[in-house]
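For reference, the structure discussed in these notes is given below.
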Protein chains: 2
Amino acid sequence: MRRLLAAGLALAPLLALPDEGMWTFDRFPADLAERAYGFRPTEGWLRHVQLSSARLAGGCSAGFVSGTGLVMTNHHCAHECIEQLSTPQRDYVKDGFYAPTTGSERRCPDVEVDQLVEITDVTEQVRRATRGLQGDAFHAAQRSVMARLEKDCQTSPEERCEVVNLYHGGIYDLYRYRRWQDVRLVFAPEFATAYFGGDPDNFEFPRYDLDVAFLRVYREGVPARTPEHFAWSPRGPAAGELTFVSGNPGTTARLYTVAQLAYQRDYALPERLVRLAELRGILTGFQMLGPEERRISGETLFSTENSFKALRGMFDALRNERFFRSLVAAEQSLRASIATDPALAARVLPAFDAIARAEQRLEEIRVRYAYLEAGADFHGELFGFARKLVRAAEELPKPNGERLREYRDSALPELEQQLFSPAPIYPRFEELLLGHALTKLRERLGADDPVVKKVLGKESPTELAARAVRGTRLLDPAFRRALFDGGRSAVAKSRDPMIILARLLDPYARAVRKIYEDEVDSVVKRNGELIAEARFAKQGRNTYPDATFTARLSYGKVVGWKEGTRTIEPFTTFAGAFARATGREPYALPRSWLAVRDRIDLATRLNFCTDNDVVGGNSGSPVIDRDARIVGLIFDGNIHSLGGDYGFDESNNRAVAVDSEAIIEALSKIYGASRIVEELRPTRAVTAAP
Amino acid sequence: MRRLLAAGLALAPLLALPDEGMWTFDRFPADLAERAYGFRPTEGWLRHVQLSSARLAGGCSAGFVSGTGLVMTNHHCAHECIEQLSTPQRDYVKDGFYAPTTGSERRCPDVEVDQLVEITDVTEQVRRATRGLQGDAFHAAQRSVMARLEKDCQTSPEERCEVVNLYHGGIYDLYRYRRWQDVRLVFAPEFATAYFGGDPDNFEFPRYDLDVAFLRVYREGVPARTPEHFAWSPRGPAAGELTFVSGNPGTTARLYTVAQLAYQRDYALPERLVRLAELRGILTGFQMLGPEERRISGETLFSTENSFKALRGMFDALRNERFFRSLVAAEQSLRASIATDPALAARVLPAFDAIARAEQRLEEIRVRYAYLEAGADFHGELFGFARKLVRAAEELPKPNGERLREYRDSALPELEQQLFSPAPIYPRFEELLLGHALTKLRERLGADDPVVKKVLGKESPTELAARAVRGTRLLDPAFRRALFDGGRSAVAKSRDPMIILARLLDPYARAVRKIYEDEVDSVVKRNGELIAEARFAKQGRNTYPDATFTARLSYGKVVGWKEGTRTIEPFTTFAGAFARATGREPYALPRSWLAVRDRIDLATRLNFCTDNDVVGGNSGSPVIDRDARIVGLIFDGNIHSLGGDYGFDESNNRAVAVDSEAIIEALSKIYGASRIVEELRPTRAVTAAP
């Protein structure tokens with residue numbers, strides 16, 4: 001990690017290095033790619049790749065890989081669904097899942113697949129609506145114009161429209177997606193191979209994971225037609241080969257001001273690490289209670305550990321003094337260049353200080369904001385339902401543009417999917433999570449805080465959690481539906497203890513949210529627009545925006561890196577997996593693998609790494625060649641990639657992928673999933689746009 | 001907390017404010033106390049207070065309160081002993097303990113009481129031995145001279161001698177203690193009242209805790225004579241009354257260089273917080289397994305939560321940018337004053353940079369040092385025994401001055417007490433702790449680190465932990481004794497799996513310890529001496545040294561503080577405890593209290609706060625009046641006191657104590673402990689030195 005950060009000094013974070021960048025499809029730098037690799041993506045090529053790519057609304061990427069709705073993503077992106085479809089008797093996480101026929105594909109309760117079909121620049125409309133406004137007024141006007149643009153765009157629940165803020169206010173784009181909410185599980189291998197090496201090997205390379213799952217989108221009960229999809233390459237990528245990654249990187253902070261970065265380093269990251277560390281301990285303890293507890297908390301533990309390790313890497317990056325100084329220097333250089341233009345300077349330079357003051361305000365309210373509004377430590381499903389129902393009852397009667405943003409009309413299809421999900425809920429686990437949340441609420445706000453006293457009364461956090469979980473009827477989707485349909489009066493009259501808890505908390509949560517929106521978020525957005533404008537003026541538009549969990553395209557190549565004097569080769573093989581296996585978790589290969597060891601071609605490549613610029617959210621992204629054919633599937637980055645939130649270092653930041661040949665080899669020889677193999681490999685030739 | 005830190009700007013950290021300071025007994029500023037309070041402690045008064053005070057070697061303070069060896073300290077200082085004396089059938093932590101006769105007092109397995117009898121300045125001897133030396137040579141010479149001085153001083157196991165490094169090398173003093181290792185439990189109330197309010201109220205005030213316990217020191221099987229002891233005041237202290245606190249503050253960092261403080265802020269504190277948070281979660285999970293698991297892990301959970309909250313307060317202090325800037329400014333001012341003297345500047349100024357480089361080196365080795373040598377996450381007893389036995393076998397044959405410091409002759413009585421303690425050990429809990437330690441070792445060093453591969457082989461951390469705990473004979477003190485007596489060959493031949501584990505780790509641990517000692521610790525000490533010398537030259541000697549868990553005297557007064565516009569009064573009463581009680585942990589008063597509620601004088605003061613300068617380690621310190629009579633018992637500080645590691649803010653840093661009247665009221669009316677009450681109140685008049 002030190003090497004990454006030392007090398008980071010050489011970066012000019014604002015200028016793209018050859019293989020750096022998460023580019024939007026409508027502003028892809030074909031010139032740069034051509035100069036580096038002699039290949040220039042055409043408009044048609046870009047359009048085909050965009051339409052063949054997909055996003056999982058829960059936070060992952062994916063790709064269409066057949067004309068009949070087959071979607072490829074990571075196992076860890078489907079993990080929650082696989083757990084939800086499991087029972088104490090049939091654990092698909094442990095044993096894997098394969099639907100030998102279309103009819104046996106199983107619907108995922110909570111998965112939504114989105115396909116980006118159109119991007120429209122709405123910067124002018126958004127800017128016009130907020131011109132000259134500050135704080136509360138700025139926030140209200142922006143919320144309103146965005147809700148209107150989205151509603152006008154989204155003409156059916158099968159569409160999804162979102163205004164996307166790029167370059168921290170430099171550009172506002174309206175993204176229109178095709179939406180699928182009937183998504184079914186087709187195939188998943190055992191967790192033991194999908195996550196071989198577990199937490200110790202997570203974010204490491206060499207790696208040996210078959211982190212793949214197949215889903216299928218349905219329309220009206222039958223597999224959807226998906227004419228735009230990726231073809232499958234007859235072979236995996238070669239060393240040095242040009243690779244594109246099409247996916248949805250979640251968030252980066254490469255254009256943050258120093259004040260924002262300092263807040264991340266001093267407050268946001270250590271607080272989250274501490275919270276996740278304790279949660280991880282609690283979950284580890286819960287897992288000791290028995291096999292069923294182990295099963296039902298498995299995915300939560302997995303994602304907690306995954307987040308923890310990622311955040312630790314980011315924290316290590318930011319608290320490296322030399323690296324941080326380089327970020328300070330970059331901002332100073334931008335400010336100096338702005339200062340050469342007195343009119344621009346007068347308008348823009350105060351924006352840096354305004355953002356710094358907003359971050360100070362955030363520091364003051366951060367604990368209340370985190371616990372009362374932002375859901376810190378509130379991980380249970382039941383409380384989540386209760387809050388959504390309480391808020392929906394309050395918000396939906398309001399005009400669209402005045403609602404809290406997550407209750408605007410265009411957000412309702414996703415809200416309803418979450419609210420009425422038939423996914424199983426485990427009361428014992430819910431009690432644990434709610435008890436923990438209420439304990440932390442009291443710890444962090446103090447036992448004498450009015451909201452804590454009001455919520456707990458004379459009860460202890462665990463007592464209240466037990467009473468609320470045991471007494472609630474929210475486990476029943478029909479009850480949730482009835483309360484939702486019953487609206488304000490039904491919710492107000494409800495004696496359900498979880499609803500009562502959410503009702504008690506809500507005014508306090510709204511109060512701190514209002515402070516956050518008016519005094520932090522609006523200030524950052526308003527002043528971010530000014531800085532973005534100055535950046536464009538001084539540095540041109542040939543840069544990429546920070547990640548926003550929207551469609552991006554990265555180009556790069558298959559390449560290892562040097563770790564000190566040691567060279568890390570870019571490929572691993574099935575043979576390596578068998579060599580690393582100890583027979584003990586997390587290094588225990590499943591029986592299905594051991595059984596066919598002799599029949600597998602052990603020289604087949606299993607994983608590889610590239611210097612494509614990816615971050616969290618890119619999980620499940622297809623890796624494609626210049627013919628837009630699948631050669632791999634992103635599932636991770638190496639340890640050096642964790643500093644990628646703040647800057648990209650081509651020398652050692654690596655994306656980690658499953659090789660397309662490994663997928664075919666495993667489907668064919670280990671899982672007997674010939675139906676999928678046939679669907680993937682119709683021996684189609686190079687595709688082009690329709 | 002923000003207020004504390006803002007006010008901190010006004011501090012000149014190097015100059016004592018009226019009530020600031022943890023003064024050594026031999027350099028107490030009688031002038032300052034007299035000027036502030038019109039009372040001048042005499043030599044005889046100071047000597048009497050010093051001899052009446054005590055230290056618990058495990059990390060607390062105490063006071064002798066009768067002529068027959070009665071010692072008063074906090075419940076939380078005796079908590080481990082109380083738990084060790086308990087069984088599944090008889091839980092003294094939950095139910096309290098009272099020995100109605102001397103004969104029923106129960107020996108604490110691991111408690112050592114020390115009484116400081118003599119202080120000798122050995123600065124010259126230590127300096128002479130290390131003159132002109134650096135790194136390895138400096139470390140070896142200092143270790144050797146200190147071992148010799150201590151051995152010459154300590155003529156029997158009933159004495160304890162330690163060289164104490166004050167002012168970070170400004171002064172080396174030799175402290176001679178009288179040592180008692182036969183210490184018995186006399187009285188402890190229920191945990192529910194000792195720690196009423198639990199973690200939420202910890203470090204808060206107003207407070208309602210009866211955090212007291214009585215022990216007794218024995219010599220040759222009978223209560224020891226302790227002619228020097230504190231008398232008991234007929235009443236608790238009045239508001240504004242002058243109070244002294246005599247105790248052993250653990251560590252402070254008020255004289256640290258900025259580089260050392262930055263290391264604390266950026267690495268040491270967040271790492272420890274994350275570790276403690278996860279451990280807390282694991283322990284919380286373990287407690288869910290059942291009542292016996294709850295009982296045997298109770299004290300570990302308590303101390304984990306206590307440390308966590310204290311460290312969080314320290315972290316909050318240091319990452320406050322304005323406060324940190326004030327510490328930077330103080331160092332700059334010291335450096336500027338040094339710079340006015342060219343000869344001094346040439347010698348001393350490079351010391352700041354040398355320390356900064358040492359902290360950078362520490363940052364590089366910190367994870368290996370923490371996990372392999374410093375015991376991070378290794379909390380189990382059995383592994384601790386194994387490491388001590390493996391190291392004792394290696395070290396004891398060496399000459400005294402060449403051994404690792406904790407194996408020098410003068411340290412052996414304490415080592416043997418720990419090693420041969422009959423305290424119960426709980427294999428299931430040990431498995432949990434060792435499994436966690438090995439999991440973290442693998443996580444932090446990486447699965448491919450040579451030491452991790454060597455230790456784990458093909459086993460998982462939990463498998464190895466289970467095998468080592470289930471296979472070891474180290475639960476038996478006689479087995480430990482035999483291995484200890486058998487020395488190097490017995491340990492080398494041992495097939496005990498815990499010994500094997502410790503043997504495997506030891507070379508790696510020693511290697512990183514050597515780097516730490518030669519390249520970090522020696523550099524900091526050597527250069528710390530130079531800075532201390534310059535401080536004395538520029539600021540005189542009228543300052544107090546950083547805390548070193550040695551005897552200190554603080555003066556102050558009973559006083560509340562202002563929290564914004566709200567005034568916090570300095571006293572609470574029994575009535576307040578009943579008003580705060582909810583009947584639910586941690587706000588459930590024990591049945592003994594509820595039963596006699598009508599007979600207690602509810603107006604009796606229960607806790608109070610003062611502006612004495614105390615930190616962790618002061619727990620159990622007697623609070624005395626100008627007649628050296630007990631008026632209270634320190635058990636905590638308020639939330640603002642947590643920044644006290646870095647600076648003292650008289651406006652709101654408060655020590656929190658049990659009122660002496662509450663102790664008598666509770667012993668008399670709740671616990672019927674008339675034997676103790678009589679022993680405490682022989683209606684002695686004002687004492688003076690013998």
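Letters for chains follow the order of the structure tokens (A, B, ...), residue numbers begin at 1 for each chain, and ligand numbers begin at 1 in the order shown.
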### Message
Near chain A, meaning an atom within 8 Å, which residues of chain B appear when counting only C-alpha atoms? Write them as a PyMOL selection string.
### Response
chain B and resi 199-201+266+270+273-275+277-286+288-289+319+442-443+446-447+458-460+582-585
### Message
If DSSP is run on the backbone, what residues of range 38-256 of chain B are strand (DSSP E)? A reply as a ChimeraX atom specification would be ideal.
### Response
/B:53-56,60-64,70-73,97-98,106-107,113-121,159-166,171-180,183-188,213-219,222-223,231-232,242-247
### Query
Using only C-alpha atoms, which of the listed residues (A:Gly672, A:Pro237, A:Pro545, A:Gly21) sits closest to Phe187 in chain A?
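Checking each of A:Gly672, A:Pro237, A:Pro545, A:Gly21 against Phe187 in chain A, counting only C-alpha atoms, the winner is A:Gly672.
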### Task
Tell me which of A:Ile568, A:Leu133, A:Val623, A:Val524 sits closest to Ser554 in chain A, counting only C-alpha atoms.
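Comparing A:Ile568, A:Leu133, A:Val623, A:Val524 against Ser554 in chain A, the winner is A:Val623.
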### Query
So how far away is CA of Asp546 in chain A from CA of Ala141 in chain A, in Å?
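According to the coordinates, CA of Ala141 in chain A and CA of Asp546 in chain A are separated by 23.9 Å.
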### Task
Please give the complete set of residues from range 221-399 of chain A that DSSP, run on the backbone, assigns to helix (DSSP H, G or I), formatted as a PyMOL selection string.
chain A and resi 258-287+291-296+298-318+321-339+342-373+381-395
### Query
Can you tell me, as a list of chain:residue names, what residues are no more than 6 Å from Thr573 in chain B when counting only C-alpha atoms, ignoring any on the same chain fewer than 3 positions away?
B:Gly576, B:Ala603, B:Thr604, B:Arg605, B:Leu606
Output of the above residues as a PDB file, in the first residue's frame, restricted to N, CA, C and O atoms:
ATOM      1  N   GLY B 576     -31.416  10.559  43.547  1.00  0.00           N
ATOM      2  CA  GLY B 576     -31.215  10.628  42.102  1.00  0.00           C
ATOM      3  C   GLY B 576     -31.053   9.247  41.481  1.00  0.00           C
ATOM      4  O   GLY B 576     -31.527   8.984  40.371  1.00  0.00           O
ATOM      5  N   ALA B 603     -31.264  11.830  50.841  1.00  0.00           N
ATOM      6  CA  ALA B 603     -30.538  13.074  50.556  1.00  0.00           C
ATOM      7  C   ALA B 603     -29.026  12.892  50.661  1.00  0.00           C
ATOM      8  O   ALA B 603     -28.259  13.811  50.346  1.00  0.00           O
ATOM      9  N   THR B 604     -28.599  11.725  51.122  1.00  0.00           N
ATOM     10  CA  THR B 604     -27.154  11.479  51.221  1.00  0.00           C
ATOM     11  C   THR B 604     -26.516  11.609  49.841  1.00  0.00           C
ATOM     12  O   THR B 604     -27.040  11.118  48.850  1.00  0.00           O
ATOM     13  N   ARG B 605     -25.378  12.285  49.818  1.00  0.00           N
ATOM     14  CA  ARG B 605     -24.676  12.458  48.549  1.00  0.00           C
ATOM     15  C   ARG B 605     -24.052  11.142  48.109  1.00  0.00           C
ATOM     16  O   ARG B 605     -23.446  10.442  48.912  1.00  0.00           O
ATOM     17  N   LEU B 606     -24.190  10.857  46.825  1.00  0.00           N
ATOM     18  CA  LEU B 606     -23.711   9.582  46.298  1.00  0.00           C
ATOM     19  C   LEU B 606     -22.401   9.777  45.520  1.00  0.00           C
ATOM     20  O   LEU B 606     -21.402   9.154  45.805  1.00  0.00           O
TER      21      LEU B 606
END
What lies within 10 Å of Thr101 in chain A using only C-alpha atoms, ignoring chain neighbours under 6 positions off, as a PDB file with all heavy atoms, in the first residue's frame?
ATOM      1  N   VAL A 186     -30.885 -18.349 -12.541  1.00  0.00           N
ATOM      2  CA  VAL A 186     -30.664 -19.445 -13.480  1.00  0.00           C
ATOM      3  C   VAL A 186     -29.568 -20.377 -12.974  1.00  0.00           C
ATOM      4  O   VAL A 186     -29.708 -21.593 -12.955  1.00  0.00           O
ATOM      5  CB  VAL A 186     -30.283 -18.894 -14.873  1.00  0.00           C
ATOM      6  CG1 VAL A 186     -29.992 -20.029 -15.840  1.00  0.00           C
ATOM      7  CG2 VAL A 186     -31.375 -17.970 -15.394  1.00  0.00           C
ATOM      8  N   ARG A 675     -27.256 -26.408 -20.946  1.00  0.00           N
ATOM      9  CA  ARG A 675     -28.265 -25.478 -21.443  1.00  0.00           C
ATOM     10  C   ARG A 675     -27.728 -24.043 -21.505  1.00  0.00           C
ATOM     11  O   ARG A 675     -27.960 -23.311 -22.468  1.00  0.00           O
ATOM     12  CB  ARG A 675     -29.466 -25.541 -20.489  1.00  0.00           C
ATOM     13  CG  ARG A 675     -30.646 -24.721 -20.882  1.00  0.00           C
ATOM     14  CD  ARG A 675     -31.821 -25.022 -19.963  1.00  0.00           C
ATOM     15  NE  ARG A 675     -31.725 -24.362 -18.666  1.00  0.00           N
ATOM     16  CZ  ARG A 675     -32.261 -23.167 -18.390  1.00  0.00           C
ATOM     17  NH1 ARG A 675     -32.914 -22.511 -19.310  1.00  0.00           N
ATOM     18  NH2 ARG A 675     -32.154 -22.646 -17.193  1.00  0.00           N
ATOM     19  N   ILE A 676     -26.995 -23.654 -20.486  1.00  0.00           N
ATOM     20  CA  ILE A 676     -26.444 -22.284 -20.477  1.00  0.00           C
ATOM     21  C   ILE A 676     -25.311 -22.161 -21.480  1.00  0.00           C
ATOM     22  O   ILE A 676     -25.208 -21.178 -22.215  1.00  0.00           O
ATOM     23  CB  ILE A 676     -25.933 -21.900 -19.076  1.00  0.00           C
ATOM     24  CG1 ILE A 676     -27.030 -22.136 -18.035  1.00  0.00           C
ATOM     25  CG2 ILE A 676     -25.478 -20.450 -19.053  1.00  0.00           C
ATOM     26  CD1 ILE A 676     -26.555 -21.915 -16.617  1.00  0.00           C
TER      27      ILE A 676
END
### Task
Write out as a ChimeraX atom specification the residues lying within 8 Å of Glu359 in chain B, counting only C-alpha atoms and excluding same-chain residues fewer than 6 positions away.
/B:259-260,263,520
